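A.B. asks: First the structure, then my questions, so here it is.
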Amino acid sequence: MPERAQRAGRAVRLPRQDVRERPFIVIWEATQACPLACLHCRASARPLRDPAELDTEEATTLMAQVAAFGRPAPLFVITGGDPFQRPDLAELVRRGSELGLPVSVSPSGTPTLTRTALAGLRDAGARAISLSVDAATPAGHDGFRGVPGVWQLTDRAWRDARDLGLKVQINTTVTRDTLPDLPAIAAHVRERGALLWSVFFLVPTGRGRALAGLDAAEAEDVLNALYDLGETVPVKTTEAHHFRRVCLQRDALARRGEDHVAALGLGPMYRDLRARLEECGLVGRADRVRRAPLRVSAGNGFVFVSHRGDVHPSGFLPVPAGNVRQRSLVDIYRDSELFTGLRDPGRLRGRCGACEFRAVCGGSRARAYAMTGDLWGEDPACGYRPGTFPGADELALDA
């Protein structure tokens, strides 16, 4: 590995596997059925299951295809909708585990999310679950999820899962409405304990088109606050790939002894979030090793399979590259024009194409497509101007 890649690797991690050959993670949307009405739902989930869903045997074939990528096996996440709307969920977890896949489940906060059901997943071989917490209060969370009582069910499941020995990831969506609650949610994650806090930056697709996201300057402020939070809480971002660029910049500025607020032109939102995180005792302590973000993105270590078997680079990028009922997932991922194109930074246009961080970041292809219609265009949530950070060419990882 080149020397500069080794230096950058302190702030950004590379997957162990060659992501051109095998993904780091495969997300399977087992169903779109879900009794909730979440404001941001990319699937626009429905009350009843689709008769065209992959059935048990087809889903087993899919998992065998995932196992065929080889070792290390990709992480396999069963999501929805609400996966518990499928009566064969535990059986699917068992079959995936027997195939050697590290299986996780992403359930919804519904009455099906019981301790008994979670124990069944654990006994079938599930290693972890992810739960969504989008507000710091029951009223706020239930309002975002569209159904009363979701907070209570989710909070109970969080405790039960940890008691049962399951790892727990907490997911939070960032919109203008949820932004004020981020410090309090972070404090809750710190107090309760979680494997990871995944902060999702809204992509306006599905029901999420009606929500207000952050502009580029605000996103920059939030990402820098999340970098600070990494001292005490294991945090990652979803659909904010420029967090990797922020981590590289902050690492470089710290080594140079420069003030990051002035050097990066951070605004009042950053100062407010930083102050509130300090009040919660979440920054300035450095009591854990910072979790460096992983260089994985749509089609580049990440693949999404829909309930009908369509293969997408991301669940938020509704452009299919094929269907597992007609072609192996291995072939689609390795050879399809869409996926190979997404692994080529030279395809990028606009600021993303000109950016010296394009190989390590690449921007959100889902957001670019949703907001501009151009899959290869610049990410509207990133405000970085290429060439403006001194020494950036010594920080960016090689393609």
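Identifiers in this document derive from the order of the structure tokens: chains are assigned A, B, ..., residues are numbered from 1 separately in each chain, and ligands are numbered from 1 in order of occurrence.
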List the neighbours of Leu294 in chain A out to 9 Å using only C-alpha atoms; skip same-chain residues closer than 6 positions along the sequence, and give me the result as a PDB file with C-alpha atoms, in the first residue's frame.

C.D. replies:
ATOM      1  CA  VAL A  12     -10.526   6.035   6.891  1.00  0.00           C
ATOM      2  CA  ARG A  13     -10.615   2.247   6.749  1.00  0.00           C
ATOM      3  CA  LEU A  14     -10.474   0.040   3.676  1.00  0.00           C
ATOM      4  CA  PRO A  15     -12.522  -3.193   3.560  1.00  0.00           C
ATOM      5  CA  LYS A 236     -21.103   6.113  11.303  1.00  0.00           C
ATOM      6  CA  ARG A 244     -14.788  10.287   5.141  1.00  0.00           C
TER       7      ARG A 244
END

A.B. asks: Between A:Leu264, A:Ser104, A:Gly149, A:Thr116, single out the one closest to Ala252 in chain A, counting only C-alpha atoms.

C.D. replies: A:Leu264

A.B. asks: As a PyMOL selection string, list the residues of range 26-237 of chain A assigned to helix (DSSP H, G or I) by DSSP on the backbone atoms of this structure.

C.D. replies: chain A and resi 56-67+83-85+89-98+115-124+138-145+150-163+179-192+206-210+216-229

A.B. asks: So how many Å separate CA of Cys355 in chain A and CA of Leu395 in chain A, to one decimal?

C.D. replies: 12.3 Å

A.B. asks: So the first atom is CA of Asp228 in chain A and the second is CA of Leu277 in chain A; what is the distance between them in Å, to one decimal place?

C.D. replies: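 About the pair CA of Asp228 in chain A and CA of Leu277 in chain A: they are 8.8 Å apart.
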
A.B. asks: Might you pull out every residue within 9 Å of Glu29 in chain A, with only C-alpha atoms counted and same-chain residues fewer than 6 positions away left off, and present them as a list in words?

C.D. replies: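 The residues satisfying every condition are Val77, Ile78, Thr79, Gly80, Gly81, Asp82, Pro83, Phe304, Val305, Ser306, His307, Arg308, Gly309 and Gly315 of chain A.
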